[in-house]
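Below is one structure, written out as structure tokens; comments come after it.
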Amino acid sequence: MFLTYIWLIPLLPAFGAAMMFFFGRKLQKATVSAVCVGTIVLAFLMSCGAVWQYSAWSSTPQNFHQPYEKPLYTWLGSDTGHLTYTTQSGKPAEFRADVAFLLDPLSSIWLLFVTGVGMLIHIYSTGYMEHEGGYYRFFGYLNLFMFSMLTLILANNYVLMFVGWEGVGLCSYLLIGFYFHRKSATDAGNKAFIVNRIGDAGFLLGMFFIAWYFGSLRFTDVTTAARSGQFAIGDPIITAATLLLFVGACGKSAQLPLYVWLPDAMEGPTPVSALIHAATMVTAGVYMVARSNALFVLAPTSMKTVAIVGALTAIFAASIGLVQNDIKRVLAYSTVSQLGYMFLALGVGAFSAGVFHVFTHAFFKALLFLGAGAVIHSMSGEQDMRNMGDLAHRIPITYRTMLVATLAIAGIPPFAGFFSKDEILWQTWTKDSEAYHILWFIGYATALMTAFYMFRLIYLTFFGKPRMSHELEHHIHECPHTMAVPLLVLALFSLSAGWLSWPPSLGGSARFEKFLEPVFAKEAQVFQEEGKAAQLAAGEKEAEHTSPYEYVLMFLSVLAAAAGWGMAKRSYSHADKGYTEPIATASPPIYDVLLHKYYVDEGYDYVFTGRRKLGDVRLGALGLGEASAWFDTNVVDGAVNAAGWITRLTATISSWWDKWIIDGIGVNGPAILARMLSYPARLFEWGLVQWYALVMTAGLVGFVFYYVYH
Amino acid sequence: MESVLHITTLHYLVLGAALFLLGVIGVLTRRNVVIVLMSIELILNAVNLNLVAFSRLWGGVHGQVFAIFVITDAAAEAAVGLGILIAFFRNKETVNIDEVNLLKW
């Protein structure tokens, strides 16, 4: 019953959003909360029901491990033949996209945590946004976002997925610019939208490549075709398609070099940062790559690109996060860094490990953001950690829940992050080539940095001396229940989500990987056929899990987390006004570069936007605009003017010809001739009637004489 | 005196010719439209005289009938002519035929 009505899950928030946009202005805040939170709660319950039913359905023999598909109607195509094209192999195909929903283990996981975390954040928002204007607008956007995200997750083809993909991009833009009276917020919204658009172009092109090569955009068709063995590993077109898809993923999931929008996206309200820019939307890229896993394993080049970009993003963002002072920006860079981990996992073929990290990350990062929101709320809007300190006893619930999340992200066992991050690092280490040890080391260094900047955040915010003004100090208050309850629930999951995939080496059974096996297991077979046993996907790895290296690496990760914690504690636990940053003390130039985010935004301003000039030359979009303007004024307008000038010249000649030759000789000539010839005739006609009569008479007399005497 | 006072057709013709000549001279030389009209009457009457004379000579009545038609016509012509003349006089305050030259180019 839940499975058949699966289409209701995205439709419920769509209904809520429509209600808000059409009637929201007239509704009470209580009604707005009831409708919008209600739809998400319902969607969450239905998702639970659907996943529960799906697991029962897919364990029956006839549907064993099959994805469940629920077509609603044909959206593009419909057999009219208008959208037919020829595929690369010369067969006719139809560009067809159904509005149809697909439920398999992969979408189940996303469905559960998106609706679950989404529900908690909606509840939290009723508290957080209580005193803000545009309450209904906020919830309308939030519901619209949930609709788009659920469409993205549940779509059964790339085109419908792209609809959701664009929808979440739009909602992200709207919500980043929620405080639209603030210039920085609208700028950040534009930035997010434009940068995402670059990725979307990649996604679209990749999609067209797939349509051209496979003749279908349905995930099941493409996956089946890709796994049929008729395509060679390293197929250039599949490589191109996957690379382009990865460009799309880079935009949406904030990877190098398109990550720049995510830190700026923190201009939006904090619940938005938690929901969209930490837990759900930014993992859409991971989802898309995981969804296309059958294609990616056929393109080792793309896989390597994904892994390298992921690892570089992880350490790059983490290093920036080390020195940021805005509490939300630290978390934003942390998100970028953790997304890098996820792509690293995907890139080394450890799809389920990547997905597992998405899952655990959703809880602890949402919790961190919501905790940061609670801190900001209690500090009356202050976001700068330099002006915080000693909050642990004043807002204990926030402190404790955030501590749980920090332990989780830092990778301290038995919190969730330990399991997922460790799995990724282990899978990277055991990848066939020794070169992957470099990626492992990058990931490992990132883990150390992660622990450091997260505990730096904790110590600067909750410990040390109070550094805020006295007036502010008196206003500090714990958050309301609507905000506290989601924090507690998320803390519970941040602690326990990792236990779902308790590694076999520690006596667990890796249930999470087992659950995802139907989606990814076939990859193992592909690799096996190609004789790349070391690239086996998760299920085949159990034998290797007993390797003593794994315990060593595990111990090293915990050591790194502990070391990061220790360094942060030493540097910041007694921070007073004017405390010093250890990195600034050690090397001011490095600190400066990190504080300015490697000057990437400035570099982009020079090269891509053109807001800054390189000497006298302006590059980028504005430079292109200036060049176009110059081209327009000088070349295009010049051509226009030249055309006008030539027209005028020819018109002058033509009019001269017309006036003097045609009119002068052709028309007036005969007239003048006739006039001249008429002069003698006119001499007779002087107007005296009697003269005429006399002539007549004379003529008559003449005739008479002529006839009579002739 | 057989030969005395016997009026022949020739006499009529001479008289008619004289009258006709008078009329033509009047039409060609006088400037006053009224006199021009009167001269036209003279010409018409000269024609009438000829018609009647030949009618008498040949003994038929056709010529006389024709003469009556001409007289009728002359009356109509005088009426129309004088009407035009009055209209013209109202516009130009003259009956001088020299000044009727609107159609001159």
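Naming scheme: A, B, ... for chains in displayed order of the structure tokens; residues 1 onward per chain; ligands 1 onward as shown.
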Please check the contacts: residues of chain B at most 9 Å away from chain A, using only C-alpha atoms, listed as a list of chain:residue names. B:Val24, B:Val27, B:Leu28, B:Thr29, B:Arg30, B:Arg31, B:Ile97, B:Asp98, B:Glu99, B:Val100, B:Asn101, B:Leu102, B:Leu103, B:Lys104, B:Trp105
What's the 10 Å shell around range 375-388 of chain A, counting only C-alpha atoms, without same-chain residues fewer than 6 positions away, as a PyMOL selection string? chain A and resi 127-129+270+324-330+369+394-395+398-399+402+456-469+472-479+575-579
Please produce an output containing C-alpha atoms for each residue in the selection, written as a CSV table (one decimal), in the first residue's frame.
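For reference, part_10.csv as written:
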```
chain,number,residue,atom,x,y,z
A,127,GLY,CA,11.4,27.5,17.1
A,128,TYR,CA,14.3,29.1,15.3
A,129,MET,CA,12.3,31.2,12.8
A,270,THR,CA,20.9,28.3,9.9
A,324,GLN,CA,37.9,30.4,10.1
A,325,ASN,CA,36.3,32.5,12.9
A,326,ASP,CA,32.7,32.4,11.8
A,327,ILE,CA,31.1,29.3,13.5
A,328,LYS,CA,29.0,28.6,10.4
A,329,ARG,CA,31.9,28.9,8.0
A,330,VAL,CA,33.9,26.4,9.9
A,369,PHE,CA,24.5,23.2,12.2
A,394,ARG,CA,24.8,28.4,30.1
A,395,ILE,CA,23.4,26.3,27.3
A,398,THR,CA,23.3,22.6,23.0
A,399,TYR,CA,26.8,22.0,24.3
A,402,MET,CA,27.2,19.5,19.8
A,456,ARG,CA,38.7,24.3,18.1
A,457,LEU,CA,35.1,25.2,17.5
A,458,ILE,CA,34.0,23.5,20.7
A,459,TYR,CA,36.6,25.1,22.8
A,460,LEU,CA,36.2,28.5,21.4
A,461,THR,CA,32.5,28.4,21.7
A,462,PHE,CA,31.9,26.6,25.0
A,463,PHE,CA,35.1,27.0,27.0
A,464,GLY,CA,37.7,29.5,27.9
A,465,LYS,CA,36.8,33.0,29.1
A,466,PRO,CA,33.5,34.7,28.1
A,467,ARG,CA,34.5,37.1,25.4
A,468,MET,CA,31.2,38.6,24.5
A,469,SER,CA,29.9,42.0,25.8
A,472,LEU,CA,25.0,40.1,25.4
A,473,GLU,CA,26.1,37.9,28.3
A,474,HIS,CA,22.9,38.6,30.2
A,475,HIS,CA,20.8,37.6,27.3
A,476,ILE,CA,22.2,34.2,26.8
A,477,HIS,CA,19.4,31.6,27.1
A,478,GLU,CA,18.9,28.0,26.2
A,479,CYS,CA,16.9,27.3,23.1
A,575,ALA,CA,41.2,31.2,25.2
A,576,ASP,CA,40.7,34.7,26.5
A,577,LYS,CA,40.2,38.0,24.6
A,578,GLY,CA,43.1,38.3,22.1
A,579,TYR,CA,44.0,34.7,22.2
```
A straight line from CA of Ile123 in chain A to CA of Ile109 in chain A spans 21.2 Å
Would you give me, as a compact mmCIF listing (two decimals) with N, CA and C atoms, in the first residue's frame, the residues in range 250-417 of chain A that DSSP reads as alpha helix (DSSP H)?
```txt
# COMPACT_ATOMS: atom_id res chain seq x y z
N CYS A 250 30.12 17.87 -8.99
CA CYS A 250 31.02 18.86 -8.39
C CYS A 250 30.28 20.14 -8.06
N GLY A 251 29.40 20.55 -8.98
CA GLY A 251 28.65 21.78 -8.73
C GLY A 251 27.72 21.60 -7.55
N LYS A 252 26.93 20.55 -7.59
CA LYS A 252 25.92 20.38 -6.54
C LYS A 252 26.54 20.01 -5.22
N TRP A 261 30.65 28.22 -3.79
CA TRP A 261 29.34 28.75 -3.39
C TRP A 261 28.93 28.32 -2.01
N LEU A 262 29.41 27.13 -1.57
CA LEU A 262 28.88 26.56 -0.32
C LEU A 262 29.23 27.39 0.91
N PRO A 263 30.49 27.82 1.09
CA PRO A 263 30.75 28.67 2.25
C PRO A 263 29.90 29.94 2.25
N ASP A 264 29.71 30.54 1.08
CA ASP A 264 28.89 31.75 1.03
C ASP A 264 27.42 31.46 1.29
N THR A 270 20.10 29.48 9.50
CA THR A 270 20.86 28.30 9.90
C THR A 270 20.14 26.97 9.64
N PRO A 271 18.84 26.85 9.87
CA PRO A 271 18.20 25.56 9.55
C PRO A 271 18.38 25.19 8.08
N VAL A 272 18.41 26.21 7.22
CA VAL A 272 18.62 25.95 5.80
C VAL A 272 20.01 25.39 5.58
N SER A 273 20.99 25.99 6.26
CA SER A 273 22.34 25.48 6.14
C SER A 273 22.37 24.03 6.57
N ALA A 274 21.65 23.73 7.63
CA ALA A 274 21.66 22.36 8.13
C ALA A 274 21.00 21.41 7.16
N ALA A 284 23.41 15.30 -3.10
CA ALA A 284 22.76 14.87 -4.35
C ALA A 284 23.80 14.42 -5.37
N GLY A 285 24.95 15.11 -5.39
CA GLY A 285 26.00 14.71 -6.33
C GLY A 285 26.49 13.31 -6.03
N VAL A 286 26.66 13.03 -4.73
CA VAL A 286 27.09 11.68 -4.33
C VAL A 286 26.04 10.67 -4.78
N TYR A 287 24.79 11.04 -4.55
CA TYR A 287 23.70 10.15 -4.94
C TYR A 287 23.74 9.87 -6.43
N MET A 288 23.94 10.93 -7.21
CA MET A 288 23.91 10.77 -8.66
C MET A 288 25.05 9.87 -9.13
N VAL A 289 26.23 10.09 -8.55
CA VAL A 289 27.36 9.24 -8.94
C VAL A 289 27.11 7.80 -8.50
N ALA A 290 26.59 7.64 -7.28
CA ALA A 290 26.31 6.29 -6.80
C ALA A 290 25.24 5.64 -7.67
N ARG A 291 24.28 6.43 -8.09
CA ARG A 291 23.20 5.93 -8.94
C ARG A 291 23.76 5.47 -10.29
N ASN A 293 26.65 4.20 -10.75
CA ASN A 293 27.86 3.42 -10.46
C ASN A 293 28.20 2.43 -11.57
N ALA A 294 27.16 1.88 -12.22
CA ALA A 294 27.43 0.91 -13.28
C ALA A 294 28.22 1.55 -14.41
N LEU A 295 27.97 2.85 -14.65
CA LEU A 295 28.73 3.54 -15.69
C LEU A 295 30.14 3.87 -15.20
N PHE A 296 30.21 4.34 -13.95
CA PHE A 296 31.51 4.78 -13.46
C PHE A 296 32.53 3.64 -13.41
N PRO A 300 37.48 3.79 -15.66
CA PRO A 300 38.49 3.94 -14.59
C PRO A 300 39.05 5.35 -14.50
N THR A 301 39.15 6.03 -15.67
CA THR A 301 39.67 7.40 -15.65
C THR A 301 38.76 8.29 -14.80
N SER A 302 37.45 8.15 -15.03
CA SER A 302 36.50 8.95 -14.25
C SER A 302 36.61 8.61 -12.78
N MET A 303 36.75 7.33 -12.48
CA MET A 303 36.85 6.92 -11.08
C MET A 303 38.06 7.57 -10.43
N LYS A 304 39.17 7.55 -11.15
CA LYS A 304 40.39 8.16 -10.59
C LYS A 304 40.17 9.64 -10.39
N THR A 305 39.53 10.29 -11.40
CA THR A 305 39.26 11.73 -11.26
C THR A 305 38.42 11.99 -10.02
N VAL A 306 37.37 11.18 -9.85
CA VAL A 306 36.50 11.38 -8.69
C VAL A 306 37.30 11.23 -7.41
N ALA A 307 38.12 10.20 -7.35
CA ALA A 307 38.87 9.96 -6.13
C ALA A 307 39.83 11.11 -5.84
N ILE A 308 40.54 11.55 -6.88
CA ILE A 308 41.55 12.59 -6.66
C ILE A 308 40.88 13.91 -6.29
N VAL A 309 39.82 14.26 -7.03
CA VAL A 309 39.11 15.50 -6.71
C VAL A 309 38.57 15.44 -5.29
N GLY A 310 38.01 14.27 -4.93
CA GLY A 310 37.46 14.13 -3.59
C GLY A 310 38.52 14.33 -2.53
N ALA A 311 39.66 13.65 -2.70
CA ALA A 311 40.71 13.75 -1.68
C ALA A 311 41.24 15.16 -1.59
N LEU A 312 41.48 15.78 -2.75
CA LEU A 312 42.01 17.15 -2.72
C LEU A 312 41.03 18.10 -2.07
N THR A 313 39.73 17.95 -2.42
CA THR A 313 38.73 18.81 -1.81
C THR A 313 38.72 18.63 -0.30
N ALA A 314 38.84 17.37 0.12
CA ALA A 314 38.78 17.09 1.55
C ALA A 314 39.86 17.86 2.30
N ILE A 315 41.09 17.76 1.83
CA ILE A 315 42.17 18.39 2.60
C ILE A 315 42.18 19.89 2.39
N PHE A 316 41.81 20.31 1.21
CA PHE A 316 41.79 21.73 0.88
C PHE A 316 40.80 22.47 1.78
N ALA A 317 39.56 21.95 1.84
CA ALA A 317 38.54 22.61 2.64
C ALA A 317 38.86 22.49 4.12
N ALA A 318 39.38 21.33 4.53
CA ALA A 318 39.69 21.15 5.95
C ALA A 318 40.74 22.16 6.38
N SER A 319 41.75 22.39 5.52
CA SER A 319 42.80 23.32 5.91
C SER A 319 42.26 24.74 6.04
N ILE A 320 41.29 25.10 5.19
CA ILE A 320 40.68 26.43 5.34
C ILE A 320 39.90 26.50 6.64
N GLY A 321 39.21 25.38 6.94
CA GLY A 321 38.39 25.35 8.14
C GLY A 321 39.20 25.53 9.41
N ILE A 327 31.43 30.72 13.06
CA ILE A 327 31.10 29.35 13.47
C ILE A 327 30.47 28.57 12.32
N LYS A 328 29.64 29.26 11.51
CA LYS A 328 28.99 28.55 10.41
C LYS A 328 29.95 28.28 9.27
N ARG A 329 30.92 29.17 9.10
CA ARG A 329 31.87 28.94 8.00
C ARG A 329 32.76 27.75 8.29
N VAL A 330 33.15 27.59 9.56
CA VAL A 330 33.93 26.41 9.91
C VAL A 330 33.15 25.17 9.50
N LEU A 331 31.86 25.18 9.83
CA LEU A 331 31.03 24.01 9.50
C LEU A 331 30.86 23.87 8.00
N ALA A 332 30.78 25.00 7.30
CA ALA A 332 30.62 24.92 5.85
C ALA A 332 31.84 24.26 5.21
N TYR A 333 33.03 24.70 5.63
CA TYR A 333 34.24 24.09 5.05
C TYR A 333 34.33 22.63 5.48
N SER A 334 33.88 22.38 6.70
CA SER A 334 33.85 20.99 7.15
C SER A 334 32.95 20.16 6.23
N THR A 335 31.81 20.73 5.85
CA THR A 335 30.91 20.00 4.95
C THR A 335 31.59 19.71 3.62
N VAL A 336 32.24 20.73 3.06
CA VAL A 336 32.94 20.52 1.79
C VAL A 336 33.96 19.41 1.93
N SER A 337 34.68 19.47 3.04
CA SER A 337 35.72 18.47 3.28
C SER A 337 35.12 17.07 3.39
N GLN A 338 34.02 16.95 4.14
CA GLN A 338 33.40 15.62 4.31
C GLN A 338 32.83 15.11 2.99
N LEU A 339 32.30 16.03 2.18
CA LEU A 339 31.82 15.62 0.86
C LEU A 339 32.98 15.08 0.03
N GLY A 340 34.16 15.70 0.23
CA GLY A 340 35.35 15.20 -0.44
C GLY A 340 35.61 13.75 -0.07
N TYR A 341 35.45 13.45 1.22
CA TYR A 341 35.60 12.06 1.67
C TYR A 341 34.65 11.14 0.90
N MET A 342 33.41 11.60 0.78
CA MET A 342 32.42 10.75 0.13
C MET A 342 32.84 10.45 -1.30
N PHE A 343 33.33 11.49 -2.01
CA PHE A 343 33.73 11.27 -3.40
C PHE A 343 34.99 10.42 -3.47
N LEU A 344 35.85 10.58 -2.48
CA LEU A 344 37.02 9.71 -2.43
C LEU A 344 36.56 8.26 -2.37
N ALA A 345 35.57 8.01 -1.52
CA ALA A 345 35.07 6.64 -1.39
C ALA A 345 34.49 6.16 -2.71
N LEU A 346 33.67 7.00 -3.35
CA LEU A 346 33.08 6.60 -4.63
C LEU A 346 34.18 6.33 -5.64
N GLY A 347 35.19 7.20 -5.63
CA GLY A 347 36.25 7.10 -6.63
C GLY A 347 37.07 5.84 -6.49
N PHE A 351 31.54 2.21 -3.05
CA PHE A 351 30.29 2.98 -3.13
C PHE A 351 29.51 2.94 -1.82
N SER A 352 29.41 1.74 -1.24
CA SER A 352 28.58 1.66 -0.05
C SER A 352 29.24 2.41 1.11
N ALA A 353 30.58 2.44 1.14
CA ALA A 353 31.24 3.22 2.18
C ALA A 353 30.92 4.70 2.01
N GLY A 354 30.94 5.16 0.76
CA GLY A 354 30.60 6.57 0.50
C GLY A 354 29.19 6.89 0.91
N VAL A 355 28.27 6.00 0.52
CA VAL A 355 26.87 6.21 0.88
C VAL A 355 26.70 6.17 2.39
N PHE A 356 27.46 5.29 3.02
CA PHE A 356 27.36 5.20 4.48
C PHE A 356 27.84 6.49 5.13
N HIS A 357 28.88 7.08 4.55
CA HIS A 357 29.36 8.34 5.11
C HIS A 357 28.32 9.45 4.89
N VAL A 358 27.66 9.42 3.74
CA VAL A 358 26.57 10.38 3.52
C VAL A 358 25.53 10.25 4.62
N PHE A 359 25.21 8.99 4.92
CA PHE A 359 24.17 8.70 5.90
C PHE A 359 24.55 9.21 7.29
N THR A 360 25.73 8.85 7.75
CA THR A 360 26.12 9.29 9.09
C THR A 360 26.35 10.81 9.11
N HIS A 361 26.96 11.31 8.04
CA HIS A 361 27.24 12.74 7.96
C HIS A 361 25.97 13.56 8.05
N ALA A 362 24.90 13.04 7.44
CA ALA A 362 23.62 13.77 7.48
C ALA A 362 23.22 14.05 8.92
N PHE A 363 23.42 13.07 9.78
CA PHE A 363 22.99 13.28 11.17
C PHE A 363 23.92 14.22 11.91
N PHE A 364 25.22 13.91 11.88
CA PHE A 364 26.07 14.74 12.73
C PHE A 364 26.28 16.13 12.18
N LYS A 365 26.25 16.28 10.85
CA LYS A 365 26.45 17.62 10.34
C LYS A 365 25.19 18.47 10.52
N ALA A 366 24.02 17.83 10.34
CA ALA A 366 22.79 18.56 10.63
C ALA A 366 22.78 18.97 12.09
N LEU A 367 23.21 18.07 12.94
CA LEU A 367 23.24 18.38 14.36
C LEU A 367 24.20 19.53 14.64
N LEU A 368 25.37 19.51 14.01
CA LEU A 368 26.33 20.59 14.23
C LEU A 368 25.74 21.93 13.80
N PHE A 369 25.09 21.92 12.64
CA PHE A 369 24.52 23.18 12.17
C PHE A 369 23.39 23.65 13.07
N LEU A 370 22.54 22.70 13.45
CA LEU A 370 21.44 23.09 14.32
C LEU A 370 21.98 23.56 15.67
N GLY A 371 23.05 22.90 16.13
CA GLY A 371 23.68 23.35 17.37
C GLY A 371 24.24 24.74 17.20
N ALA A 372 24.92 24.96 16.06
CA ALA A 372 25.45 26.30 15.80
C ALA A 372 24.31 27.31 15.75
N GLY A 373 23.19 26.89 15.15
CA GLY A 373 22.02 27.77 15.11
C GLY A 373 21.55 28.08 16.52
N ALA A 374 21.55 27.07 17.40
CA ALA A 374 21.12 27.29 18.77
C ALA A 374 22.08 28.25 19.48
N VAL A 375 23.38 28.09 19.19
CA VAL A 375 24.37 29.01 19.78
C VAL A 375 24.10 30.43 19.30
N ILE A 376 23.92 30.56 17.98
CA ILE A 376 23.68 31.89 17.42
C ILE A 376 22.40 32.48 18.00
N HIS A 377 21.40 31.62 18.12
CA HIS A 377 20.12 32.03 18.70
C HIS A 377 20.33 32.55 20.12
N SER A 378 21.10 31.81 20.90
CA SER A 378 21.29 32.22 22.29
C SER A 378 22.17 33.46 22.39
N PRO A 396 23.50 24.10 28.28
CA PRO A 396 24.06 22.73 28.39
C PRO A 396 23.55 21.76 27.34
N ILE A 397 22.29 21.86 26.96
CA ILE A 397 21.78 20.89 25.98
C ILE A 397 22.51 21.08 24.65
N THR A 398 22.60 22.31 24.22
CA THR A 398 23.31 22.59 22.98
C THR A 398 24.74 22.09 23.06
N TYR A 399 25.38 22.39 24.19
CA TYR A 399 26.78 21.99 24.34
C TYR A 399 26.91 20.47 24.23
N ARG A 400 26.08 19.76 24.97
CA ARG A 400 26.26 18.30 24.99
C ARG A 400 25.98 17.67 23.63
N THR A 401 24.89 18.13 22.98
CA THR A 401 24.57 17.54 21.68
C THR A 401 25.66 17.86 20.67
N MET A 402 26.16 19.10 20.72
CA MET A 402 27.22 19.45 19.76
C MET A 402 28.48 18.66 20.03
N LEU A 403 28.74 18.38 21.29
CA LEU A 403 29.92 17.59 21.62
C LEU A 403 29.79 16.19 21.01
N VAL A 404 28.57 15.63 21.08
CA VAL A 404 28.35 14.30 20.48
C VAL A 404 28.66 14.37 18.99
N ALA A 405 28.13 15.40 18.34
CA ALA A 405 28.34 15.51 16.89
C ALA A 405 29.82 15.70 16.59
N THR A 406 30.51 16.46 17.42
CA THR A 406 31.94 16.69 17.19
C THR A 406 32.72 15.39 17.34
N LEU A 407 32.39 14.64 18.36
CA LEU A 407 33.04 13.34 18.53
C LEU A 407 32.78 12.46 17.32
N ALA A 408 31.55 12.57 16.78
CA ALA A 408 31.20 11.75 15.62
C ALA A 408 32.02 12.16 14.41
N ILE A 409 32.08 13.46 14.14
CA ILE A 409 32.78 13.88 12.92
C ILE A 409 34.28 13.70 13.06
N ALA A 410 34.77 13.82 14.29
CA ALA A 410 36.21 13.66 14.47
C ALA A 410 36.63 12.20 14.33
N ALA A 416 29.28 7.75 15.19
CA ALA A 416 28.98 7.34 13.82
C ALA A 416 30.12 7.60 12.85
N GLY A 417 30.74 8.78 12.94
CA GLY A 417 31.74 9.15 11.96
C GLY A 417 32.91 8.20 11.91
```
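Note that the spacing between CA of Phe21 in chain A and CA of Tyr141 in chain A amounts to 8.8 Å.
Residue neighbourhood of His11 in chain B, excluding near-sequence residues (fewer than 4 positions): B:Leu5, B:His6, B:Ile7, B:Leu15, B:Gly16, B:Ala17, B:Ala18, B:Leu49, B:Asn50, B:Ala53, B:Phe54, at 12 Å, using only C-alpha atoms.
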Write out as a ChimeraX atom specification which residues come within 10 Å of Lys91 in chain A when counting only C-alpha atoms, dropping same-chain ones fewer than 2 positions away. /A:85-89,93,212,214-215
